[in-house]
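J.: My structure is in data.csv, and what it holds is CSV, C-alpha atoms and all ligand atoms:
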chain,number,residue,atom,x,y,z
M,1,PRO,CA,-28.6,5.7,-15.5
M,2,THR,CA,-25.0,5.4,-14.2
M,3,THR,CA,-23.8,2.3,-12.5
M,4,THR,CA,-21.5,2.5,-9.5
M,5,ARG,CA,-17.9,1.7,-10.3
M,6,VAL,CA,-16.0,-0.5,-7.7
M,7,PHE,CA,-12.3,-1.1,-7.7
M,8,SER,CA,-10.4,-3.5,-5.5
M,9,ALA,CA,-7.0,-5.1,-5.7
M,10,PHE,CA,-5.8,-8.5,-4.4
M,11,GLN,CA,-2.3,-9.2,-3.2
M,12,ALA,CA,-0.3,-11.2,-5.6
M,13,THR,CA,1.7,-13.2,-3.0
M,14,GLY,CA,0.8,-15.7,-0.4
M,15,ARG,CA,-1.6,-18.7,-0.5
M,16,LEU,CA,-5.2,-17.5,-0.3
M,17,THR,CA,-7.1,-18.7,2.7
M,18,LEU,CA,-10.7,-19.4,3.6
M,19,GLY,CA,-10.5,-16.1,5.5
M,20,ASN,CA,-9.6,-14.2,2.4
M,21,TYR,CA,-12.4,-16.0,0.5
M,22,LEU,CA,-15.2,-15.4,3.0
M,23,GLY,CA,-13.9,-11.9,4.0
M,24,ALA,CA,-12.9,-10.4,0.7
M,25,ILE,CA,-13.4,-12.6,-2.4
M,26,LEU,CA,-17.0,-13.8,-1.9
M,27,PRO,CA,-18.2,-10.2,-1.1
M,28,ALA,CA,-16.4,-9.2,-4.3
M,29,VAL,CA,-18.1,-11.9,-6.3
M,30,ARG,CA,-21.5,-10.8,-5.0
M,31,LEU,CA,-20.8,-7.1,-5.8
M,32,GLN,CA,-20.6,-8.1,-9.5
M,33,ASP,CA,-24.4,-8.3,-9.6
M,34,GLU,CA,-24.9,-4.7,-8.5
M,35,ALA,CA,-21.9,-2.7,-9.7
M,36,ASP,CA,-19.4,-2.3,-12.5
M,37,CYS,CA,-16.5,-4.1,-10.8
M,38,VAL,CA,-12.8,-3.8,-11.7
M,39,TYR,CA,-10.4,-6.1,-9.9
M,40,ALA,CA,-6.6,-6.2,-10.2
M,41,VAL,CA,-4.0,-8.6,-9.0
M,42,ALA,CA,-1.5,-6.2,-7.5
M,43,ASP,CA,1.8,-7.7,-8.6
M,44,LEU,CA,3.6,-4.3,-8.6
M,45,HIS,CA,2.8,-3.9,-4.9
M,46,ALA,CA,4.7,-7.1,-4.2
M,47,LEU,CA,7.9,-5.4,-5.2
M,48,THR,CA,7.8,-3.1,-2.1
M,49,VAL,CA,9.5,-5.8,0.0
M,50,LYS,CA,12.2,-8.4,-0.6
M,51,HIS,CA,10.8,-10.9,-3.2
M,52,ASP,CA,11.8,-13.8,-5.4
M,53,PRO,CA,11.1,-13.1,-9.1
M,54,ALA,CA,10.1,-16.7,-10.1
M,55,ALA,CA,7.9,-17.1,-7.1
M,56,LEU,CA,6.2,-13.8,-7.7
M,57,ARG,CA,5.4,-14.7,-11.3
M,58,THR,CA,4.0,-18.1,-10.3
M,59,ARG,CA,2.0,-16.8,-7.4
M,60,THR,CA,0.5,-13.9,-9.5
M,61,ARG,CA,-0.8,-16.3,-12.1
M,62,GLU,CA,-2.1,-18.7,-9.4
M,63,VAL,CA,-3.9,-15.8,-7.6
M,64,ALA,CA,-5.5,-14.7,-10.9
M,65,ALA,CA,-6.6,-18.3,-11.7
M,66,LEU,CA,-8.0,-18.7,-8.2
M,67,LEU,CA,-9.9,-15.5,-8.3
M,68,LEU,CA,-11.5,-16.6,-11.6
M,69,ALA,CA,-12.2,-20.0,-10.1
M,70,CYS,CA,-13.9,-18.3,-7.1
M,71,GLY,CA,-16.3,-16.6,-9.5
M,72,LEU,CA,-14.7,-13.2,-10.3
M,73,ASP,CA,-15.4,-13.9,-13.9
M,74,ARG,CA,-18.1,-11.3,-14.5
M,75,SER,CA,-15.9,-8.3,-14.1
M,76,LEU,CA,-12.7,-6.9,-15.5
M,77,LEU,CA,-9.9,-8.8,-13.7
M,78,TYR,CA,-6.4,-8.2,-14.8
M,79,LEU,CA,-2.7,-8.1,-13.7
M,80,GLN,CA,-1.7,-4.6,-12.6
M,81,SER,CA,1.8,-4.7,-14.1
M,82,ARG,CA,0.3,-5.4,-17.6
M,83,VAL,CA,-1.2,-1.9,-17.6
M,84,PRO,CA,1.6,0.7,-17.6
M,85,ALA,CA,-0.9,3.5,-16.8
M,86,HIS,CA,-0.7,2.4,-13.2
M,87,THR,CA,2.9,3.4,-12.9
M,88,GLU,CA,2.6,6.5,-15.0
M,89,LEU,CA,-0.3,7.9,-13.0
M,90,SER,CA,1.5,6.8,-9.8
M,91,TYR,CA,4.3,9.2,-10.7
M,92,LEU,CA,1.9,12.1,-11.3
M,93,LEU,CA,0.5,11.4,-7.9
M,94,GLU,CA,3.9,11.1,-6.3
M,95,SER,CA,4.3,14.6,-7.7
M,96,THR,CA,1.1,15.7,-6.0
M,97,ALA,CA,1.8,14.1,-2.6
M,98,TYR,CA,4.2,15.4,0.1
M,99,GLU,CA,7.0,13.3,1.5
M,100,GLY,CA,5.7,14.0,5.0
M,101,GLU,CA,2.2,12.6,4.5
M,102,MET,CA,3.7,9.4,3.0
M,103,ARG,CA,6.0,9.0,6.0
M,104,ARG,CA,3.0,9.4,8.4
M,105,MET,CA,1.3,6.3,7.0
M,106,ILE,CA,1.0,3.8,9.9
M,107,GLN,CA,1.5,0.8,7.6
M,108,PHE,CA,4.8,2.3,6.3
M,109,LYS,CA,6.0,3.0,9.8
M,110,GLU,CA,5.2,-0.5,11.0
M,111,LYS,CA,6.6,-2.3,8.0
M,112,ALA,CA,9.7,-0.1,7.8
M,113,ALA,CA,10.4,-0.6,11.5
M,114,ALA,CA,10.6,-4.4,10.9
M,115,GLN,CA,13.2,-4.2,8.2
M,116,LYS,CA,16.9,-3.3,7.9
M,117,GLU,CA,16.7,-2.1,4.3
M,118,VAL,CA,13.5,-0.4,3.3
M,119,ARG,CA,12.7,-0.1,-0.4
M,120,LEU,CA,11.8,3.4,-1.5
M,121,SER,CA,8.6,1.9,-3.2
M,122,LEU,CA,7.4,0.9,0.3
M,123,LEU,CA,7.2,4.6,1.1
M,124,THR,CA,5.6,5.6,-2.2
M,125,TYR,CA,3.2,2.6,-2.2
M,126,PRO,CA,0.1,4.7,-1.3
M,127,ALA,CA,0.6,6.8,-4.5
M,128,LEU,CA,0.5,3.6,-6.6
M,129,MET,CA,-2.6,2.4,-4.7
M,130,ALA,CA,-4.2,5.8,-5.3
M,131,ALA,CA,-3.3,5.5,-9.0
M,132,ASP,CA,-5.0,2.0,-9.1
M,133,ILE,CA,-8.2,3.5,-7.8
M,134,LEU,CA,-8.3,6.9,-9.6
M,135,LEU,CA,-7.4,5.4,-12.9
M,136,HIS,CA,-10.7,3.6,-13.0
M,137,ARG,CA,-12.8,6.5,-11.7
M,138,ALA,CA,-14.0,4.2,-9.0
M,139,ASP,CA,-16.8,5.5,-6.8
M,140,LEU,CA,-16.5,2.8,-4.1
M,141,VAL,CA,-13.5,0.9,-2.8
M,142,PRO,CA,-14.1,-2.0,-0.4
M,143,VAL,CA,-11.4,-1.7,2.2
M,144,GLY,CA,-10.4,-3.5,5.4
M,145,ASP,CA,-9.4,-1.4,8.4
M,146,ASP,CA,-5.7,-1.6,7.5
M,147,GLN,CA,-6.3,0.2,4.2
M,148,ARG,CA,-8.5,3.0,5.5
M,149,GLN,CA,-5.7,5.5,6.0
M,150,HIS,CA,-4.4,4.8,2.4
M,151,LEU,CA,-7.9,5.4,1.1
M,152,GLU,CA,-8.1,8.7,3.0
M,153,LEU,CA,-4.8,9.7,1.3
M,154,THR,CA,-6.2,8.7,-2.1
M,155,ARG,CA,-9.1,11.1,-1.5
M,156,ASP,CA,-6.7,13.9,-0.4
M,157,LEU,CA,-4.6,13.4,-3.5
M,158,ALA,CA,-7.6,13.4,-5.8
M,159,LEU,CA,-9.0,16.6,-4.2
M,160,ARG,CA,-5.6,18.3,-4.3
M,161,PHE,CA,-5.0,17.4,-7.9
M,162,ASN,CA,-8.5,18.5,-8.9
M,163,HIS,CA,-8.0,21.8,-7.1
M,164,LEU,CA,-4.6,22.5,-8.5
M,165,TYR,CA,-5.1,21.4,-12.1
M,166,GLY,CA,-8.8,21.2,-12.7
M,167,GLU,CA,-11.5,18.5,-12.2
M,168,THR,CA,-9.8,15.2,-13.3
M,169,PHE,CA,-10.5,12.5,-10.8
M,170,VAL,CA,-13.6,11.0,-9.2
M,171,VAL,CA,-13.1,11.2,-5.4
M,172,PRO,CA,-13.7,7.6,-4.2
M,173,ARG,CA,-15.4,6.5,-1.0
M,174,ALA,CA,-14.4,3.6,1.2
M,175,VAL,CA,-17.0,0.9,1.9
M,176,HIS,CA,-16.8,-1.9,4.4
M,177,PRO,CA,-17.6,-5.0,2.4
M,178,ARG,CA,-21.1,-6.3,3.1
M,179,PHE,CA,-21.6,-9.9,4.0
M,180,ALA,CA,-17.9,-10.1,5.0
M,181,ALA,CA,-17.4,-12.9,7.5
M,182,ARG,CA,-14.4,-12.7,9.9
M,183,VAL,CA,-12.7,-16.0,10.1
M,184,MET,CA,-10.6,-16.9,13.1
M,185,ASP,CA,-7.5,-19.2,13.2
M,186,LEU,CA,-8.6,-22.8,13.9
M,187,ALA,CA,-5.7,-23.4,16.3
M,188,VAL,CA,-5.7,-20.0,17.9
M,189,PRO,CA,-9.4,-18.9,17.7
M,190,THR,CA,-8.6,-15.5,19.2
M,191,ALA,CA,-6.4,-14.5,16.2
M,192,LYS,CA,-7.7,-14.0,12.7
M,193,MET,CA,-6.9,-16.7,10.1
M,194,SER,CA,-4.1,-15.3,8.0
M,195,LYS,CA,-1.9,-16.4,5.1
M,196,SER,CA,1.0,-15.1,7.0
M,197,SER,CA,0.2,-17.2,10.1
M,198,ALA,CA,3.1,-19.3,11.3
M,199,SER,CA,1.0,-22.4,12.0
M,200,ASP,CA,-0.5,-24.4,9.1
M,201,ALA,CA,-2.9,-26.3,11.4
M,202,GLY,CA,-5.1,-23.3,12.0
M,203,THR,CA,-5.2,-22.0,8.4
M,204,ILE,CA,-7.3,-23.5,5.6
M,205,HIS,CA,-5.9,-22.6,2.2
M,206,LEU,CA,-8.3,-22.6,-0.8
M,207,LEU,CA,-6.2,-25.3,-2.5
M,208,ASP,CA,-5.9,-27.6,0.5
M,209,PRO,CA,-6.9,-31.2,-0.4
M,210,PRO,CA,-10.3,-32.1,1.1
M,211,ALA,CA,-8.7,-34.5,3.6
M,212,ASP,CA,-6.5,-31.7,5.0
M,213,VAL,CA,-9.6,-29.4,5.3
M,214,ARG,CA,-11.5,-32.1,7.2
M,215,ARG,CA,-8.6,-32.9,9.5
M,216,LYS,CA,-7.9,-29.2,10.3
M,217,ILE,CA,-11.6,-28.7,11.2
M,218,MET,CA,-11.9,-31.9,13.2
M,219,ARG,CA,-8.8,-30.8,15.2
M,220,ALA,CA,-9.9,-27.2,15.7
M,221,VAL,CA,-9.2,-25.9,19.2
M,222,THR,CA,-12.4,-25.5,21.3
M,223,ASP,CA,-13.0,-25.0,25.0
M,224,SER,CA,-13.4,-27.7,27.6
M,225,GLY,CA,-17.2,-27.5,27.9
M,226,THR,CA,-19.7,-29.5,25.9
M,227,GLU,CA,-22.5,-27.0,25.1
M,228,VAL,CA,-22.7,-25.7,21.5
M,229,ARG,CA,-23.5,-22.0,21.9
M,230,HIS,CA,-22.6,-18.8,20.0
M,231,ASP,CA,-20.5,-16.8,22.6
M,232,PRO,CA,-17.4,-15.3,21.0
M,233,ALA,CA,-16.0,-14.1,24.4
M,234,ALA,CA,-16.4,-17.4,26.3
M,235,LYS,CA,-16.3,-19.8,23.4
M,236,PRO,CA,-14.3,-18.3,20.6
M,237,GLY,CA,-13.5,-21.7,18.9
M,238,ILE,CA,-17.1,-22.9,18.8
M,239,SER,CA,-18.4,-19.5,17.8
M,240,ASN,CA,-15.9,-19.4,14.9
M,241,LEU,CA,-17.1,-22.8,13.8
M,242,LEU,CA,-20.7,-21.7,13.9
M,243,ASP,CA,-19.8,-18.6,11.9
M,244,LEU,CA,-18.0,-20.7,9.4
M,245,LEU,CA,-20.9,-23.0,9.0
M,246,ALA,CA,-23.3,-20.0,8.4
M,247,ALA,CA,-20.9,-18.4,5.9
M,248,CYS,CA,-20.3,-21.6,3.9
M,249,SER,CA,-23.9,-22.9,4.0
M,250,GLY,CA,-25.5,-19.5,3.4
M,251,ARG,CA,-28.0,-19.8,6.3
M,252,PRO,CA,-27.8,-19.2,10.1
M,253,ALA,CA,-26.4,-22.1,12.1
M,254,GLU,CA,-28.6,-23.7,14.8
M,255,PRO,CA,-26.4,-24.1,17.8
M,256,SER,CA,-29.0,-25.9,19.9
M,257,SER,CA,-29.4,-28.7,17.3
M,258,TYR,CA,-25.9,-30.0,18.1
M,259,GLY,CA,-25.4,-32.4,21.0
M,260,SER,CA,-21.6,-32.4,20.8
M,261,TYR,CA,-18.7,-30.4,19.5
M,262,GLY,CA,-17.9,-33.4,17.2
M,263,ALA,CA,-21.3,-33.3,15.5
M,264,LEU,CA,-20.8,-29.5,14.8
M,265,LYS,CA,-17.3,-30.1,13.5
M,266,LYS,CA,-18.6,-32.7,11.1
M,267,ASP,CA,-21.1,-30.4,9.6
M,268,VAL,CA,-18.6,-27.5,9.4
M,269,ALA,CA,-16.1,-29.8,7.6
M,270,GLU,CA,-18.8,-30.9,5.2
M,271,ALA,CA,-19.9,-27.3,4.5
M,272,VAL,CA,-16.3,-26.0,4.0
M,273,ALA,CA,-15.4,-29.0,1.8
M,274,GLU,CA,-18.5,-28.3,-0.3
M,275,THR,CA,-17.6,-24.7,-0.6
M,276,LEU,CA,-14.1,-25.4,-1.8
M,277,ALA,CA,-14.8,-28.3,-4.1
M,278,PRO,CA,-16.0,-26.3,-7.1
M,279,ILE,CA,-13.2,-23.8,-6.7
M,280,ARG,CA,-10.6,-26.5,-6.8
M,281,GLU,CA,-12.3,-28.0,-9.8
M,282,ARG,CA,-12.4,-24.8,-11.8
M,283,PHE,CA,-8.9,-23.9,-10.7
M,284,GLY,CA,-7.7,-27.3,-12.0
M,285,LEU,CA,-9.4,-26.7,-15.4
M,286,LEU,CA,-7.8,-23.2,-15.7
M,287,CYS,CA,-4.3,-24.6,-14.9
M,288,ALA,CA,-4.7,-27.5,-17.3
M,289,ASP,CA,-4.8,-24.9,-20.1
M,290,PRO,CA,-2.1,-22.3,-19.5
M,291,ALA,CA,-2.4,-20.8,-23.0
M,292,GLU,CA,-6.1,-20.1,-22.4
M,293,LEU,CA,-5.3,-18.4,-19.0
M,294,ASP,CA,-2.7,-16.3,-20.8
M,295,ARG,CA,-5.2,-15.3,-23.4
M,296,LEU,CA,-7.8,-14.4,-20.8
M,297,LEU,CA,-5.3,-12.2,-18.9
M,298,GLU,CA,-4.1,-10.6,-22.2
M,299,THR,CA,-7.6,-9.7,-23.2
M,300,ALA,CA,-8.3,-8.3,-19.8
M,301,ALA,CA,-5.1,-6.2,-19.8
M,302,THR,CA,-6.0,-4.8,-23.3
M,303,GLU,CA,-9.5,-3.9,-22.0
M,304,ALA,CA,-8.0,-2.2,-18.9
M,305,ILE,CA,-5.6,-0.2,-21.1
M,306,GLU,CA,-8.5,0.9,-23.4
M,307,ARG,CA,-10.7,1.8,-20.4
M,308,THR,CA,-8.1,3.9,-18.7
M,309,SER,CA,-6.3,5.7,-21.5
M,310,GLY,CA,-8.8,8.6,-21.5
M,311,LEU,CA,-8.3,9.3,-17.8
M,312,LEU,CA,-4.5,9.0,-18.1
M,313,ALA,CA,-4.5,11.5,-21.0
M,314,ALA,CA,-6.7,13.9,-19.1
M,315,ALA,CA,-4.4,13.7,-16.1
M,316,ARG,CA,-1.2,14.3,-18.2
M,317,GLN,CA,-2.9,17.2,-19.9
M,318,ALA,CA,-4.1,18.8,-16.7
M,319,ILE,CA,-0.7,18.6,-15.0
M,320,GLY,CA,1.1,20.2,-18.0
M,321,LEU,CA,2.5,17.3,-20.0
B,1,LIG,P1,-3.9,-12.1,5.2
B,1,LIG,O1,-3.9,-11.8,6.6
B,1,LIG,O2,-4.4,-13.5,4.9
B,1,LIG,O3,-2.6,-11.8,4.6
B,1,LIG,P2,-4.8,-9.6,4.2
B,1,LIG,O4,-4.5,-8.9,5.5
B,1,LIG,O5,-3.8,-9.4,3.1
B,1,LIG,O6,-5.0,-11.1,4.5
B,1,LIG,O7,-6.2,-9.2,3.7
B,1,LIG,C1,-6.7,-9.5,2.4
B,1,LIG,C2,-8.2,-9.4,2.4
B,1,LIG,O8,-8.7,-10.5,3.0
B,1,LIG,C3,-8.7,-8.2,3.2
B,1,LIG,O9,-9.9,-7.7,2.5
B,1,LIG,C4,-9.1,-8.8,4.5
B,1,LIG,O10,-10.1,-8.0,5.2
B,1,LIG,C5,-9.5,-10.2,4.1
B,1,LIG,N1,-9.2,-11.1,5.2
B,1,LIG,C6,-8.0,-11.6,5.5
B,1,LIG,N2,-8.0,-12.4,6.5
B,1,LIG,C7,-9.3,-12.6,6.9
B,1,LIG,C8,-10.1,-13.4,7.8
B,1,LIG,N3,-9.4,-14.2,8.7
B,1,LIG,N4,-11.4,-13.3,7.9
B,1,LIG,C9,-12.1,-12.4,7.0
B,1,LIG,N5,-11.4,-11.6,6.1
B,1,LIG,C10,-10.1,-11.7,6.0
B,2,NA,NA,-1.5,-9.9,5.7
Show me this structure written as C-alpha cells.

T.:
Amino acid sequence: PTTTRVFSAFQATGRLTLGNYLGAILPAVRLQDEADCVYAVADLHALTVKHDPAALRTRTREVAALLLACGLDRSLLYLQSRVPAHTELSYLLESTAYEGEMRRMIQFKEKAAAQKEVRLSLLTYPALMAADILLHRADLVPVGDDQRQHLELTRDLALRFNHLYGETFVVPRAVHPRFAARVMDLAVPTAKMSKSSASDAGTIHLLDPPADVRRKIMRAVTDSGTEVRHDPAAKPGISNLLDLLAACSGRPAEPSSYGSYGALKKDVAEAVAETLAPIRERFGLLCADPAELDRLLETAATEAIERTSGLLAAARQAIGL
C-alpha cells in the first residue's frame, strides 16, 4: 500500500498570525495523520526580495521552532537552504522552463511592478518552487489561491521534462486544504488577517502575550447592532468572531446563546488564548535549548538529503549530466 506524499512550504519571514495557524498550519498538522508529509521552511524564497541577512536567519529559526511548537513534529520538517538539491534541481527546471512562461506569472508581474529593482530570482522563483515539490515526488500540494498558477507551472514543467527526457517526476496535484478557516482582520473585518497588515490591532500573532490577545479581541470592530448572528455580509465582525470561536474550540458556535457582543468576545478571547497557550509554552522550551533545536534541524536536513538524492540523481542522468 502506498501512502500519499504531501509537500508544503512555509515562508521564512514575517511573524506568523492566527490566520496562518487556522488556515495553513493546523490543516498541515491534521494531514500528518493521513499522509506522508514533508514540510520546508522556505528561506531561499526569502532572497527574492530585499532582505536583511541577520533578520532572515533569526526569523527562519523562529518559524521552524513555531511550526514544531504548533505540532508539525510528526513529519519531515527542515530548512530548505540546508538541502542543496533544491537549488540544483531548480537549475535543471530553469533549463526546462521558458522565459515567457515565467514572465506571465501574475505574482511576478504584481511584485515586480511594485519595485524599482527586481531581483532575477523573483522571476525564476516558480522553478525553485517546482523543485521543492518535485524533489519529494509529492502527490498532493496544499495551496492557497495565490499559488495555484505556480502549481500549474510545476505540473507543466514535470510533464515537459518527463516527455523530453523520460519519466522522472511525479506530476503533483493541488489540493485546497481541508478544515482551513479564513480569519479576517479584527480591526477591518472585511480584509483577511495578514502578517503584512499595517495595523497591529487587527492581527493576532502566535507569540502575542495572552493579555494582548484578549485586548485585541475585546476591541474587535463589530457593527452597531446587538444581535449575535452569523451573517458575513451584514455582520462581518461578529461572523468572524463566531468562526474564530468554532475553529479554536473545535465545535460549531451557538450564536443564539449570546445575549451581547461582549459575552461572545469573552468566549472568543478565552478560546483563542487556550489555543495559543500550549504553542507559546512549547516554543519557549524549544528556544530555551538552542543546541537541541540545531540538532533537530540538522537531523531533518540529513534525512531530506537522503530522501531526495535518488530523485536528483535520476533527473541529472535523464537530462544528460
Ligand atoms: P500572510 O497574508 O499572513 O502573509 P500568506 O499570504 O503568506 O499569509 O499565506 C500563508 C498561508 O497562510 C497560506 O496557506 C494562506 O492561505 C494562509 N493564510 C494567510 N492568512 C490567512 C487568514 N487570514 N486566514 C486563513 N488562512 C490564511
Ligand atoms: Na502575504

J.: Once you count all atoms listed in the file, which residues end up within 7 Å of ligand NA 2 (chain B), and could you hand them over as a PDB file with C-alpha atoms, in the frame of the given file?

T.:
ATOM      1  CA  SER M 194      -4.100 -15.300   8.000  1.00  0.00           C
ATOM      2  CA  LYS M 195      -1.900 -16.400   5.100  1.00  0.00           C
ATOM      3  CA  SER M 196       1.000 -15.100   7.000  1.00  0.00           C
TER       4      SER M 196
END

J.: Which residue gives the smallest distance to Leu244 in chain M among M:Ile106, M:Ala291, M:Ala180, M:Leu140, with only C-alpha atoms counted?

T.: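 Looking only at the distances to Leu244 in chain M, the closest residue turns out to be M:Ala180.
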
J.: What does the structure give for the distance between CA of Ala174 in chain M and CA of Ala40 in chain M, in Å to one decimal?

T.: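 About the pair CA of Ala174 in chain M and CA of Ala40 in chain M: they are 16.9 Å apart.
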
J.: Using only C-alpha atoms and all ligand atoms, determine which residues fall within 6 Å of ligand LIG 1 (chain B), then list them as a PDB file with C-alpha atoms, in the coordinates of the input.

T.:
ATOM      1  CA  GLY M  19     -10.500 -16.100   5.500  1.00  0.00           C
ATOM      2  CA  ASN M  20      -9.600 -14.200   2.400  1.00  0.00           C
ATOM      3  CA  LEU M  22     -15.200 -15.400   3.000  1.00  0.00           C
ATOM      4  CA  GLY M  23     -13.900 -11.900   4.000  1.00  0.00           C
ATOM      5  CA  ALA M  24     -12.900 -10.400   0.700  1.00  0.00           C
ATOM      6  CA  GLY M 144     -10.400  -3.500   5.400  1.00  0.00           C
ATOM      7  CA  ALA M 181     -17.400 -12.900   7.500  1.00  0.00           C
ATOM      8  CA  ARG M 182     -14.400 -12.700   9.900  1.00  0.00           C
ATOM      9  CA  VAL M 183     -12.700 -16.000  10.100  1.00  0.00           C
ATOM     10  CA  MET M 184     -10.600 -16.900  13.100  1.00  0.00           C
ATOM     11  CA  LYS M 192      -7.700 -14.000  12.700  1.00  0.00           C
ATOM     12  CA  MET M 193      -6.900 -16.700  10.100  1.00  0.00           C
ATOM     13  CA  SER M 194      -4.100 -15.300   8.000  1.00  0.00           C
ATOM     14  CA  LYS M 195      -1.900 -16.400   5.100  1.00  0.00           C
ATOM     15  CA  SER M 196       1.000 -15.100   7.000  1.00  0.00           C
TER      16      SER M 196
END

J.: Could you check which of M:Leu311, M:Ala69, M:Cys37, M:Ala55 is closest to Thr13 in chain M, using all atoms listed in the file?

T.: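 Closest candidate: M:Ala55.
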
J.: Near Ile238 in chain M, within 8 Å and counting all atoms listed in the file, which residues show up once chain neighbours fewer than 5 positions away are dropped, as a PyMOL selection string?

T.: chain M and resi 222-223+228-232+261

J.: Please indicate the distance in Å from CA of Ala273 in chain M to CA of Arg59 in chain M, rounded to one decimal place.

T.: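 Taking CA of Ala273 in chain M and CA of Arg59 in chain M, their separation equals 23.2 Å.
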
J.: For a quick check of your reading of the model, name the residues lying within 10 Å of the coordinate (-13.8, -10.4, -14.9), counting only C-alpha atoms, and write them as a PyMOL selection string.

T.: chain M and resi 29+32+37-40+67-68+71-78+296-297+300

J.: Provide range 282-298 of chain M of the preceding structure as a file containing N, CA and C atoms, as a short mmCIF file (atom, residue, chain, number, x, y, z; two decimals), in the first residue's frame.

T.:
data_model
loop_
_atom_site.label_atom_id
_atom_site.label_comp_id
_atom_site.auth_asym_id
_atom_site.auth_seq_id
_atom_site.Cartn_x
_atom_site.Cartn_y
_atom_site.Cartn_z
N ARG M 282 5.44 25.44 24.32
CA ARG M 282 6.39 24.56 23.60
C ARG M 282 7.46 25.38 22.88
N PHE M 283 7.05 26.54 22.34
CA PHE M 283 8.02 27.42 21.67
C PHE M 283 9.08 27.87 22.68
N GLY M 284 8.64 28.22 23.88
CA GLY M 284 9.57 28.64 24.93
C GLY M 284 10.58 27.55 25.26
N LEU M 285 10.10 26.32 25.34
CA LEU M 285 11.00 25.20 25.64
C LEU M 285 12.03 25.01 24.53
N LEU M 286 11.57 25.10 23.29
CA LEU M 286 12.49 24.93 22.15
C LEU M 286 13.55 26.03 22.13
N CYS M 287 13.13 27.26 22.44
CA CYS M 287 14.07 28.37 22.41
C CYS M 287 15.03 28.34 23.59
N ALA M 288 14.61 27.69 24.66
CA ALA M 288 15.47 27.62 25.85
C ALA M 288 16.66 26.69 25.60
N ASP M 289 16.58 25.89 24.56
CA ASP M 289 17.66 24.93 24.28
C ASP M 289 18.05 25.01 22.80
N PRO M 290 18.77 26.08 22.43
CA PRO M 290 19.10 26.31 21.01
C PRO M 290 19.91 25.17 20.41
N ALA M 291 20.75 24.53 21.21
CA ALA M 291 21.57 23.43 20.67
C ALA M 291 20.68 22.26 20.26
N GLU M 292 19.62 22.02 21.02
CA GLU M 292 18.70 20.94 20.68
C GLU M 292 17.93 21.26 19.40
N LEU M 293 17.54 22.53 19.25
CA LEU M 293 16.85 22.93 18.01
C LEU M 293 17.80 22.76 16.81
N ASP M 294 19.06 23.17 16.98
CA ASP M 294 20.04 22.97 15.91
C ASP M 294 20.14 21.50 15.54
N ARG M 295 20.18 20.64 16.57
CA ARG M 295 20.33 19.22 16.34
C ARG M 295 19.12 18.67 15.58
N LEU M 296 17.93 19.09 16.00
CA LEU M 296 16.70 18.66 15.31
C LEU M 296 16.73 19.04 13.83
N LEU M 297 17.13 20.31 13.57
CA LEU M 297 17.12 20.80 12.19
C LEU M 297 18.21 20.12 11.36
N GLU M 298 19.33 19.83 12.01
CA GLU M 298 20.43 19.14 11.33
C GLU M 298 20.00 17.72 10.93
#
